[in-house]
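Asks: One file is attached below, input_4.pdb, containing PDB, C-alpha atoms, pLDDT in the B column.
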ATOM      1  CA  MET A   1     -17.044  -0.166  -4.505  1.00 51.00           C
ATOM      2  CA  ALA A   2     -15.967   1.096  -1.084  1.00 57.00           C
ATOM      3  CA  THR A   3     -16.460  -0.987   2.033  1.00 56.00           C
ATOM      4  CA  THR A   4     -18.835   0.688   4.453  1.00 87.00           C
ATOM      5  CA  THR A   5     -16.707  -0.226   7.460  1.00 94.00           C
ATOM      6  CA  ALA A   6     -13.215  -1.678   7.629  1.00 96.00           C
ATOM      7  CA  ALA A   7     -11.847  -3.601  10.575  1.00 98.00           C
ATOM      8  CA  PHE A   8      -8.469  -2.715  12.014  1.00 98.00           C
ATOM      9  CA  ALA A   9      -6.136  -4.116  14.624  1.00 98.00           C
ATOM     10  CA  ILE A  10      -2.898  -2.875  16.120  1.00 98.00           C
ATOM     11  CA  THR A  11      -0.078  -5.370  16.643  1.00 98.00           C
ATOM     12  CA  GLU A  12       2.975  -4.596  18.748  1.00 97.00           C
ATOM     13  CA  THR A  13       6.219  -5.286  16.878  1.00 97.00           C
ATOM     14  CA  PRO A  14       9.919  -4.816  17.692  1.00 97.00           C
ATOM     15  CA  ILE A  15       9.818  -1.554  15.714  1.00 97.00           C
ATOM     16  CA  GLY A  16       6.611  -0.147  17.127  1.00 97.00           C
ATOM     17  CA  PRO A  17       2.886  -0.566  16.672  1.00 98.00           C
ATOM     18  CA  PHE A  18       1.735  -1.929  13.319  1.00 98.00           C
ATOM     19  CA  THR A  19      -1.828  -1.304  12.189  1.00 98.00           C
ATOM     20  CA  ALA A  20      -3.655  -3.098   9.390  1.00 98.00           C
ATOM     21  CA  LEU A  21      -7.056  -2.214   7.932  1.00 98.00           C
ATOM     22  CA  VAL A  22      -8.986  -4.946   6.130  1.00 98.00           C
ATOM     23  CA  ASP A  23     -12.170  -5.018   4.098  1.00 96.00           C
ATOM     24  CA  ALA A  24     -15.088  -7.397   4.653  1.00 94.00           C
ATOM     25  CA  ASP A  25     -13.253 -10.093   2.639  1.00 95.00           C
ATOM     26  CA  GLY A  26     -10.146  -9.823   4.824  1.00 96.00           C
ATOM     27  CA  ALA A  27      -8.009  -8.140   2.151  1.00 97.00           C
ATOM     28  CA  VAL A  28      -5.543  -5.552   3.453  1.00 98.00           C
ATOM     29  CA  LEU A  29      -6.527  -2.046   2.345  1.00 98.00           C
ATOM     30  CA  ALA A  30      -3.779  -0.191   4.219  1.00 98.00           C
ATOM     31  CA  SER A  31      -1.110  -0.953   6.779  1.00 98.00           C
ATOM     32  CA  GLY A  32       1.959   0.494   8.422  1.00 98.00           C
ATOM     33  CA  TRP A  33       4.005   1.095  11.553  1.00 98.00           C
ATOM     34  CA  THR A  34       1.566   3.405  13.300  1.00 98.00           C
ATOM     35  CA  ALA A  35      -1.275   3.245  15.797  1.00 98.00           C
ATOM     36  CA  ASP A  36      -3.251   5.832  13.782  1.00 98.00           C
ATOM     37  CA  ALA A  37      -5.877   3.853  11.866  1.00 98.00           C
ATOM     38  CA  GLU A  38      -7.575   7.030  10.669  1.00 97.00           C
ATOM     39  CA  ASN A  39      -4.372   8.196   8.978  1.00 96.00           C
ATOM     40  CA  LEU A  40      -4.151   4.823   7.214  1.00 97.00           C
ATOM     41  CA  ARG A  41      -7.778   5.129   6.103  1.00 97.00           C
ATOM     42  CA  GLY A  42      -6.821   8.348   4.316  1.00 96.00           C
ATOM     43  CA  LEU A  43      -4.207   6.464   2.249  1.00 97.00           C
ATOM     44  CA  ILE A  44      -6.817   4.197   0.683  1.00 97.00           C
ATOM     45  CA  HIS A  45      -7.979   5.057  -2.841  1.00 96.00           C
ATOM     46  CA  PRO A  46     -11.358   6.867  -2.664  1.00 95.00           C
ATOM     47  CA  SER A  47     -13.083   4.047  -4.576  1.00 95.00           C
ATOM     48  CA  LEU A  48     -12.099   1.585  -1.804  1.00 96.00           C
ATOM     49  CA  ARG A  49     -11.956   3.906   1.215  1.00 96.00           C
ATOM     50  CA  PRO A  50     -14.278   2.741   4.005  1.00 97.00           C
ATOM     51  CA  ALA A  51     -16.666   5.240   5.547  1.00 95.00           C
ATOM     52  CA  GLY A  52     -15.842   4.004   9.043  1.00 96.00           C
ATOM     53  CA  LEU A  53     -13.453   1.883  11.064  1.00 97.00           C
ATOM     54  CA  ARG A  54     -14.093  -0.830  13.627  1.00 97.00           C
ATOM     55  CA  HIS A  55     -11.356  -1.839  16.084  1.00 98.00           C
ATOM     56  CA  ARG A  56     -10.706  -5.545  16.613  1.00 98.00           C
ATOM     57  CA  ASP A  57      -8.238  -7.224  18.938  1.00 98.00           C
ATOM     58  CA  SER A  58      -7.127  -9.413  16.032  1.00 98.00           C
ATOM     59  CA  LEU A  59      -7.642  -9.721  12.290  1.00 98.00           C
ATOM     60  CA  GLY A  60      -7.037 -13.478  12.427  1.00 97.00           C
ATOM     61  CA  GLU A  61      -4.738 -14.602   9.613  1.00 98.00           C
ATOM     62  CA  VAL A  62      -3.524 -11.037   8.939  1.00 98.00           C
ATOM     63  CA  THR A  63      -2.495 -10.469  12.556  1.00 98.00           C
ATOM     64  CA  ARG A  64      -0.850 -13.893  12.707  1.00 98.00           C
ATOM     65  CA  ALA A  65       1.136 -13.063   9.540  1.00 98.00           C
ATOM     66  CA  ILE A  66       2.281  -9.715  10.972  1.00 98.00           C
ATOM     67  CA  THR A  67       3.505 -11.390  14.153  1.00 98.00           C
ATOM     68  CA  ALA A  68       5.133 -14.295  12.313  1.00 98.00           C
ATOM     69  CA  TYR A  69       6.943 -11.959   9.904  1.00 98.00           C
ATOM     70  CA  HIS A  70       8.380  -9.846  12.726  1.00 97.00           C
ATOM     71  CA  ASP A  71       9.372 -13.072  14.530  1.00 96.00           C
ATOM     72  CA  GLY A  72      11.393 -14.198  11.486  1.00 95.00           C
ATOM     73  CA  ASP A  73       8.994 -16.017   9.128  1.00 96.00           C
ATOM     74  CA  LEU A  74       9.552 -13.714   6.159  1.00 96.00           C
ATOM     75  CA  THR A  75       7.120 -15.575   3.906  1.00 96.00           C
ATOM     76  CA  ALA A  76       4.184 -15.269   6.332  1.00 97.00           C
ATOM     77  CA  ILE A  77       2.982 -12.114   4.542  1.00 97.00           C
ATOM     78  CA  ASP A  78       3.171 -13.512   1.002  1.00 96.00           C
ATOM     79  CA  ASP A  79      -0.300 -15.018   0.693  1.00 96.00           C
ATOM     80  CA  ILE A  80      -2.259 -12.339   2.536  1.00 98.00           C
ATOM     81  CA  PRO A  81      -4.659 -10.730   0.056  1.00 98.00           C
ATOM     82  CA  VAL A  82      -4.228  -7.020  -0.627  1.00 98.00           C
ATOM     83  CA  ARG A  83      -6.666  -4.682  -2.344  1.00 97.00           C
ATOM     84  CA  GLN A  84      -5.386  -1.391  -3.763  1.00 96.00           C
ATOM     85  CA  GLN A  85      -6.696   0.726  -6.615  1.00 94.00           C
ATOM     86  CA  SER A  86      -5.152   3.308  -8.909  1.00 93.00           C
ATOM     87  CA  GLY A  87      -4.092   3.536 -12.525  1.00 89.00           C
ATOM     88  CA  GLU A  88      -3.100   0.461 -14.525  1.00 89.00           C
ATOM     89  CA  PHE A  89       0.661   0.924 -14.064  1.00 89.00           C
ATOM     90  CA  LEU A  90       0.485   1.423 -10.282  1.00 91.00           C
ATOM     91  CA  VAL A  91      -1.701  -1.633  -9.757  1.00 93.00           C
ATOM     92  CA  HIS A  92       0.698  -3.683 -11.905  1.00 94.00           C
ATOM     93  CA  ALA A  93       3.751  -2.223 -10.124  1.00 94.00           C
ATOM     94  CA  TRP A  94       2.290  -3.132  -6.718  1.00 96.00           C
ATOM     95  CA  GLU A  95       1.751  -6.708  -7.921  1.00 96.00           C
ATOM     96  CA  VAL A  96       5.377  -6.804  -9.090  1.00 95.00           C
ATOM     97  CA  LEU A  97       6.553  -5.513  -5.686  1.00 95.00           C
ATOM     98  CA  ARG A  98       5.012  -8.568  -4.087  1.00 96.00           C
ATOM     99  CA  THR A  99       7.386 -10.748  -6.147  1.00 96.00           C
ATOM    100  CA  VAL A 100      10.585  -9.111  -4.835  1.00 96.00           C
ATOM    101  CA  PRO A 101      11.912 -11.704  -2.400  1.00 95.00           C
ATOM    102  CA  ALA A 102      12.890 -10.920   1.161  1.00 95.00           C
ATOM    103  CA  GLY A 103      16.631 -10.624   1.500  1.00 93.00           C
ATOM    104  CA  SER A 104      17.086  -9.582  -2.144  1.00 93.00           C
ATOM    105  CA  PRO A 105      16.353  -5.838  -2.299  1.00 94.00           C
ATOM    106  CA  ILE A 106      16.644  -4.128  -5.678  1.00 93.00           C
ATOM    107  CA  THR A 107      17.094  -0.576  -6.944  1.00 93.00           C
ATOM    108  CA  TYR A 108      14.329   1.669  -8.243  1.00 92.00           C
ATOM    109  CA  THR A 109      15.903   1.224 -11.694  1.00 93.00           C
ATOM    110  CA  ASP A 110      15.695  -2.579 -11.433  1.00 94.00           C
ATOM    111  CA  TYR A 111      12.136  -2.250 -10.185  1.00 94.00           C
ATOM    112  CA  ALA A 112      11.209  -0.117 -13.218  1.00 93.00           C
ATOM    113  CA  VAL A 113      12.675  -2.799 -15.497  1.00 95.00           C
ATOM    114  CA  ILE A 114      10.792  -5.717 -13.929  1.00 94.00           C
ATOM    115  CA  SER A 115       7.622  -3.601 -13.887  1.00 92.00           C
ATOM    116  CA  GLY A 116       7.865  -3.331 -17.675  1.00 91.00           C
ATOM    117  CA  ARG A 117       8.908   0.326 -17.896  1.00 90.00           C
ATOM    118  CA  PRO A 118      12.718   0.406 -17.922  1.00 91.00           C
ATOM    119  CA  ASN A 119      12.833   4.172 -18.541  1.00 91.00           C
ATOM    120  CA  ALA A 120      10.315   4.991 -15.808  1.00 86.00           C
ATOM    121  CA  THR A 121      12.391   4.972 -12.628  1.00 89.00           C
ATOM    122  CA  ARG A 122      10.395   7.901 -11.233  1.00 90.00           C
ATOM    123  CA  ALA A 123       7.128   6.076 -11.900  1.00 89.00           C
ATOM    124  CA  ALA A 124       8.515   3.062 -10.039  1.00 89.00           C
ATOM    125  CA  ALA A 125       9.499   5.290  -7.114  1.00 90.00           C
ATOM    126  CA  ASN A 126       5.999   6.806  -7.218  1.00 91.00           C
ATOM    127  CA  ALA A 127       4.494   3.319  -6.937  1.00 92.00           C
ATOM    128  CA  CYS A 128       6.463   2.823  -3.727  1.00 93.00           C
ATOM    129  CA  ALA A 129       5.454   6.221  -2.379  1.00 93.00           C
ATOM    130  CA  ARG A 130       1.744   5.620  -3.081  1.00 95.00           C
ATOM    131  CA  ASN A 131       1.655   2.092  -1.679  1.00 97.00           C
ATOM    132  CA  ALA A 132      -0.891   2.020   1.152  1.00 97.00           C
ATOM    133  CA  ALA A 133      -0.276  -1.613   2.168  1.00 98.00           C
ATOM    134  CA  ALA A 134       3.248  -1.472   3.615  1.00 97.00           C
ATOM    135  CA  LEU A 135       4.825  -4.805   4.532  1.00 98.00           C
ATOM    136  CA  PHE A 136       2.327  -6.829   2.469  1.00 98.00           C
ATOM    137  CA  VAL A 137       3.405  -4.886  -0.627  1.00 97.00           C
ATOM    138  CA  PRO A 138       7.068  -4.658   0.408  1.00 97.00           C
ATOM    139  CA  CYS A 139       8.171  -1.284  -0.928  1.00 95.00           C
ATOM    140  CA  HIS A 140      10.914  -1.299   1.721  1.00 96.00           C
ATOM    141  CA  ARG A 141      12.794  -3.761  -0.522  1.00 96.00           C
ATOM    142  CA  ILE A 142      13.527  -1.020  -3.076  1.00 94.00           C
ATOM    143  CA  PHE A 143      16.460   1.377  -2.671  1.00 90.00           C
ATOM    144  CA  ARG A 144      18.408   3.949  -4.653  1.00 88.00           C
ATOM    145  CA  ILE A 145      21.335   3.193  -6.925  1.00 82.00           C
ATOM    146  CA  GLY A 146      24.464   3.118  -4.818  1.00 80.00           C
ATOM    147  CA  GLY A 147      22.686   1.572  -1.851  1.00 78.00           C
ATOM    148  CA  ALA A 148      21.046   4.669  -0.331  1.00 83.00           C
ATOM    149  CA  LEU A 149      17.796   3.733   1.376  1.00 86.00           C
ATOM    150  CA  GLY A 150      15.668   6.323  -0.387  1.00 84.00           C
ATOM    151  CA  GLY A 151      12.410   7.391   1.208  1.00 84.00           C
ATOM    152  CA  PHE A 152       9.968   5.395   3.290  1.00 91.00           C
ATOM    153  CA  ARG A 153       6.665   6.631   4.719  1.00 93.00           C
ATOM    154  CA  TRP A 154       7.348   4.917   8.049  1.00 95.00           C
ATOM    155  CA  GLY A 155      10.870   6.296   8.457  1.00 93.00           C
ATOM    156  CA  LEU A 156      14.332   5.217   7.448  1.00 93.00           C
ATOM    157  CA  GLU A 157      14.967   3.553  10.822  1.00 95.00           C
ATOM    158  CA  VAL A 158      12.026   1.215  10.166  1.00 96.00           C
ATOM    159  CA  LYS A 159      13.191   0.560   6.578  1.00 95.00           C
ATOM    160  CA  SER A 160      16.709  -0.180   7.781  1.00 94.00           C
ATOM    161  CA  TRP A 161      15.399  -2.564  10.475  1.00 96.00           C
ATOM    162  CA  LEU A 162      13.263  -4.395   7.885  1.00 96.00           C
ATOM    163  CA  LEU A 163      16.157  -4.799   5.439  1.00 95.00           C
ATOM    164  CA  ASP A 164      18.416  -6.071   8.233  1.00 94.00           C
ATOM    165  CA  HIS A 165      15.666  -8.405   9.471  1.00 96.00           C
ATOM    166  CA  GLU A 166      15.346  -9.844   5.963  1.00 96.00           C
ATOM    167  CA  SER A 167      19.074 -10.073   5.253  1.00 91.00           C
ATOM    168  CA  PRO A 168      20.447 -13.586   4.765  1.00 81.00           C
ATOM    169  CA  THR A 169      22.992 -12.937   7.543  1.00 77.00           C
ATOM    170  CA  HIS A 170      20.250 -12.085  10.045  1.00 60.00           C
ATOM    171  CA  GLN A 171      18.171 -15.083   8.968  1.00 61.00           C
ATOM    172  CA  LEU A 172      21.194 -17.341   9.403  1.00 59.00           C
ATOM    173  CA  ARG A 173      21.618 -16.058  12.967  1.00 57.00           C
ATOM    174  CA  LEU A 174      17.936 -16.790  13.657  1.00 56.00           C
ATOM    175  CA  SER A 175      18.126 -20.333  12.327  1.00 59.00           C
ATOM    176  CA  SER A 176      21.428 -21.305  13.955  1.00 54.00           C
ATOM    177  CA  PRO A 177      21.013 -23.327  17.137  1.00 56.00           C
ATOM    178  CA  MET A 178      22.536 -21.803  20.214  1.00 49.00           C
ATOM    179  CA  THR A 179      25.611 -23.682  21.244  1.00 44.00           C
ATOM    180  CA  GLU A 180      26.681 -23.994  24.811  1.00 45.00           C
ATOM    181  CA  PRO A 181      30.219 -23.016  25.650  1.00 46.00           C
ATOM    182  CA  ASN A 182      32.659 -25.839  26.319  1.00 46.00           C
ATOM    183  CA  SER A 183      33.119 -26.602  29.970  1.00 39.00           C
TER     184      SER A 183
END
So, in terms of structure tokens, how does the structure I just supplied come out?

Replies:
Amino acid sequence: MATTTAAFAITETPIGPFTALVDADGAVLASGWTADAENLRGLIHPSLRPAGLRHRDSLGEVTRAITAYHDGDLTAIDDIPVRQQSGEFLVHAWEVLRTVPAGSPITYTDYAVISGRPNATRAAANACARNAAALFVPCHRIFRIGGALGGFRWGLEVKSWLLDHESPTHQLRLSSPMTEPNS
């Protein structure tokens, strides 16, 4: 059953504005690196798509998670509820995406295997392409065999930034204390 009105908020991030749309229960319906909430509304499955949108300055826990993630807390997004609808495989594949850990990207082939359809690499890629809840369902963590980034709705520069942000090397730099030079 579709929500009559969804709330949305835009959060500034190091890679541009990030907008999230949530239902009355606070579950993310759609999100991405854009300031265009109406475009995001169009990504939501018709059975969940809200008739209208209401702008908020903050979505509380969701906005805090967005900010914390971009500031380096890569697990801040893990417990945010997401609501997406489609066929049985896509819903399952989106749930599996949420288990791919930050800093450990995998190939579309690996993703097909852990989604239970080892011969369905294209179906796995389709799950990424149809994911409306970017970041919270981290499709950016999937790449092509050989290391090519593959596609990403929000652009390859954003995908590259996210993968670098999540890389163990980057996280090590964030957690290392600054040392003062010897005098």

Asks: Please write as a list in words the full residue list that the PyMOL selection byres ((chain A and resi 145) around 8) yields on this file.

Replies: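 Applied to this file, the PyMOL selection byres ((chain A and resi 145) around 8) returns Thr107, Tyr108, Thr109, Phe143, Arg144, Gly146, Gly147 and Ala148 of chain A.
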
Asks: Would you save the residues of that selection, restricted to C-alpha atoms, as a short mmCIF file (atom, residue, chain, number, x, y, z; two decimals), in the coordinates of the input?

Replies:
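Once written, part.cif looks like this:
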data_model
loop_
_atom_site.label_atom_id
_atom_site.label_comp_id
_atom_site.auth_asym_id
_atom_site.auth_seq_id
_atom_site.Cartn_x
_atom_site.Cartn_y
_atom_site.Cartn_z
CA THR A 107 17.09 -0.58 -6.94
CA TYR A 108 14.33 1.67 -8.24
CA THR A 109 15.90 1.22 -11.69
CA PHE A 143 16.46 1.38 -2.67
CA ARG A 144 18.41 3.95 -4.65
CA GLY A 146 24.46 3.12 -4.82
CA GLY A 147 22.69 1.57 -1.85
CA ALA A 148 21.05 4.67 -0.33
#

Asks: Evaluate the PyMOL selection byres ((chain A and resi 10-16) around 7) here and jot the selected residues down as a list in words.

Replies: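 Evaluating the PyMOL selection byres ((chain A and resi 10-16) around 7) on these coordinates yields Phe8, Ala9, Pro17, Phe18, Thr19, Ala20, Trp33, Ala35, Thr63, His70 and Val158 of chain A.
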
Asks: List the residues selected by the PyMOL selection byres ((chain A and resi 83-89) around 7) in the file shown, writing them as a ChimeraX atom specification.

Replies: /A:27-29,45,81-82,90-93

Asks: So, with all atoms listed in the file as the atoms that count, which of A:Trp161, A:Trp94, A:Phe136, A:Trp154 lies closest to Thr34 (chain A)?

Replies: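 Nearest candidate to Thr34 (chain A) out of A:Trp161, A:Trp94, A:Phe136, A:Trp154: A:Trp154.
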
Asks: Looking at A:Val137, A:Ala30, A:Val113, A:Leu156, which one is nearest to Pro101 (chain A), with distances taken over only C-alpha atoms?

Replies: A:Val137

Asks: With distances taken over all atoms listed in the file, which residue among A:Asp79, A:Glu157, A:Asp110, A:Asp164 lies nearest Arg98 (chain A)?

Replies: A:Asp79

Asks: If I take CA of Lys159 (chain A) and CA of Gly72 (chain A), how far is one from the other in Å, to one decimal?

Replies: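 So the two atoms, CA of Lys159 (chain A) and CA of Gly72 (chain A), lie 15.7 Å apart.
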
Asks: Of the residues A:Asp36, A:Ser104, A:Arg117, A:Ala133, which is the one nearest to Ser167 (chain A), using all atoms listed in the file?

Replies: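 Using all atoms listed in the file, Ser167 (chain A) sits closest to A:Ser104.
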
Asks: Taking all atoms of region 99-113 of chain A that the file lists, what box with edges along x, y and z, padded by 5 Å per side, do you get, with centre and edge lengths in Å to one decimal, as JSON?

Replies:
{"center_x": 12.2, "center_y": -5.0, "center_z": -7.0, "size_x": 19.7, "size_y": 23.4, "size_z": 27.0}

Asks: May I ask for the distance between CA of Gly42 (chain A) and CA of Ala132 (chain A), given in Å to one decimal place?

Replies: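 Spanning CA of Gly42 (chain A) to CA of Ala132 (chain A) is a straight-line distance of 9.2 Å.
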
Asks: So what do you get for CA of Ala65 (chain A) versus CA of Ile80 (chain A), distance-wise?

Replies: 7.8 Å

Asks: Which of these, A:Glu95, A:Asp23, A:Asp78, A:Glu166, has the shortest distance to His140 (chain A) once you count only C-alpha atoms?

Replies: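 Closest candidate: A:Glu166.
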
Asks: Select, from A:Gly52, A:Ala102, A:Leu59, A:Gly150, the residue with the minimum atom-to-atom distance to Asp73 (chain A), counting all atoms listed in the file.

Replies: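 Between A:Gly52, A:Ala102, A:Leu59, A:Gly150, the residue approaching Asp73 (chain A) most closely is A:Ala102.
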
Asks: List the spatial neighbours of Thr5 (chain A) as an mmCIF file with C-alpha atoms, in the frame of the given file - criterion: any atom at most 6 Å away, all atoms listed in the file, same-chain residues fewer than 5 positions off excluded.

Replies:
data_model
loop_
_atom_site.group_PDB
_atom_site.id
_atom_site.type_symbol
_atom_site.label_atom_id
_atom_site.label_comp_id
_atom_site.auth_asym_id
_atom_site.auth_seq_id
_atom_site.Cartn_x
_atom_site.Cartn_y
_atom_site.Cartn_z
ATOM 1 C CA PRO A 50 -14.278 2.741 4.005
ATOM 2 C CA ALA A 51 -16.666 5.240 5.547
ATOM 3 C CA GLY A 52 -15.842 4.004 9.043
ATOM 4 C CA LEU A 53 -13.453 1.883 11.064
#

Asks: From the coordinates I just gave you, please extract region 2-95 of chain A so that only C-alpha atoms remain, then output it as a compact mmCIF listing (two decimals), in the first residue's frame.

Replies:
# COMPACT_ATOMS: atom_id res chain seq x y z
CA ALA A 2 1.47 3.33 -1.08
CA THR A 3 2.16 6.09 1.41
CA THR A 4 0.05 9.15 0.70
CA THR A 5 2.93 11.52 1.38
CA ALA A 6 6.61 10.81 1.89
CA ALA A 7 8.99 13.10 3.73
CA PHE A 8 12.30 14.03 2.17
CA ALA A 9 15.40 15.90 3.22
CA ILE A 10 18.51 16.98 1.37
CA THR A 11 21.88 16.55 3.09
CA GLU A 12 25.05 18.17 1.81
CA THR A 13 27.88 15.66 1.41
CA PRO A 14 31.46 15.86 0.10
CA ILE A 15 30.19 14.51 -3.24
CA GLY A 16 27.13 16.69 -3.59
CA PRO A 17 23.59 16.85 -2.28
CA PHE A 18 22.09 13.58 -1.07
CA THR A 19 18.32 13.24 -0.88
CA ALA A 20 16.39 10.55 0.99
CA LEU A 21 12.64 9.90 0.85
CA VAL A 22 11.05 8.05 3.75
CA ASP A 23 7.60 6.64 4.41
CA ALA A 24 5.50 7.31 7.51
CA ASP A 25 7.42 4.57 9.38
CA GLY A 26 10.78 6.17 8.57
CA ALA A 27 11.85 3.48 6.09
CA VAL A 28 13.87 4.73 3.13
CA LEU A 29 11.90 4.42 -0.11
CA ALA A 30 14.48 6.05 -2.38
CA SER A 31 17.75 7.92 -2.04
CA GLY A 32 20.68 9.20 -4.02
CA TRP A 33 23.16 11.97 -4.76
CA THR A 34 20.70 14.49 -6.14
CA ALA A 35 18.58 17.40 -4.96
CA ASP A 36 15.67 16.24 -7.16
CA ALA A 37 13.22 14.52 -4.81
CA GLU A 38 10.62 14.20 -7.56
CA ASN A 39 13.03 12.18 -9.71
CA LEU A 40 13.63 9.87 -6.74
CA ARG A 41 9.88 9.50 -6.22
CA GLY A 42 9.66 8.13 -9.77
CA LEU A 43 12.12 5.34 -8.88
CA ILE A 44 9.83 3.91 -6.22
CA HIS A 45 7.76 0.85 -7.16
CA PRO A 46 4.18 1.94 -8.00
CA SER A 47 2.78 -0.08 -5.07
CA LEU A 48 4.88 2.02 -2.64
CA ARG A 49 5.13 5.31 -4.55
CA PRO A 50 3.80 8.24 -2.50
CA ALA A 51 1.30 10.58 -4.09
CA GLY A 52 3.12 13.61 -2.71
CA LEU A 53 6.31 14.78 -1.06
CA ARG A 54 6.88 16.93 2.01
CA HIS A 55 10.24 18.64 2.56
CA ARG A 56 11.83 18.42 6.01
CA ASP A 57 15.06 19.94 7.25
CA SER A 58 15.98 16.56 8.72
CA LEU A 59 14.75 12.97 8.71
CA GLY A 60 16.22 12.36 12.17
CA GLU A 61 18.05 9.03 12.32
CA VAL A 62 18.24 8.76 8.51
CA THR A 63 19.87 12.17 8.13
CA ARG A 64 22.25 11.45 11.00
CA ALA A 65 23.25 8.16 9.32
CA ILE A 66 23.88 9.90 5.98
CA THR A 67 26.12 12.48 7.64
CA ALA A 68 27.93 9.92 9.79
CA TYR A 69 28.59 7.65 6.80
CA HIS A 70 30.08 10.48 4.73
CA ASP A 71 32.15 11.50 7.78
CA GLY A 72 33.67 8.00 7.98
CA ASP A 73 31.30 5.84 10.07
CA LEU A 74 30.66 3.25 7.36
CA THR A 75 28.29 1.20 9.51
CA ALA A 76 25.96 4.13 10.26
CA ILE A 77 23.70 3.14 7.34
CA ASP A 78 23.44 -0.56 8.21
CA ASP A 79 20.42 -0.48 10.52
CA ILE A 80 18.35 2.11 8.67
CA PRO A 81 15.16 0.41 7.46
CA VAL A 82 14.57 0.29 3.71
CA ARG A 83 11.35 -0.54 1.90
CA GLN A 84 11.50 -1.59 -1.75
CA GLN A 85 9.16 -3.76 -3.78
CA SER A 86 9.53 -5.83 -6.93
CA GLY A 87 9.70 -9.49 -7.85
CA GLU A 88 10.92 -12.12 -5.39
CA PHE A 89 14.48 -12.28 -6.75
CA LEU A 90 15.02 -8.50 -6.74
CA VAL A 91 13.76 -8.11 -3.18
CA HIS A 92 16.04 -10.97 -2.09
CA ALA A 93 18.99 -9.55 -4.07
CA TRP A 94 18.55 -6.14 -2.42
CA GLU A 95 18.59 -7.81 1.01
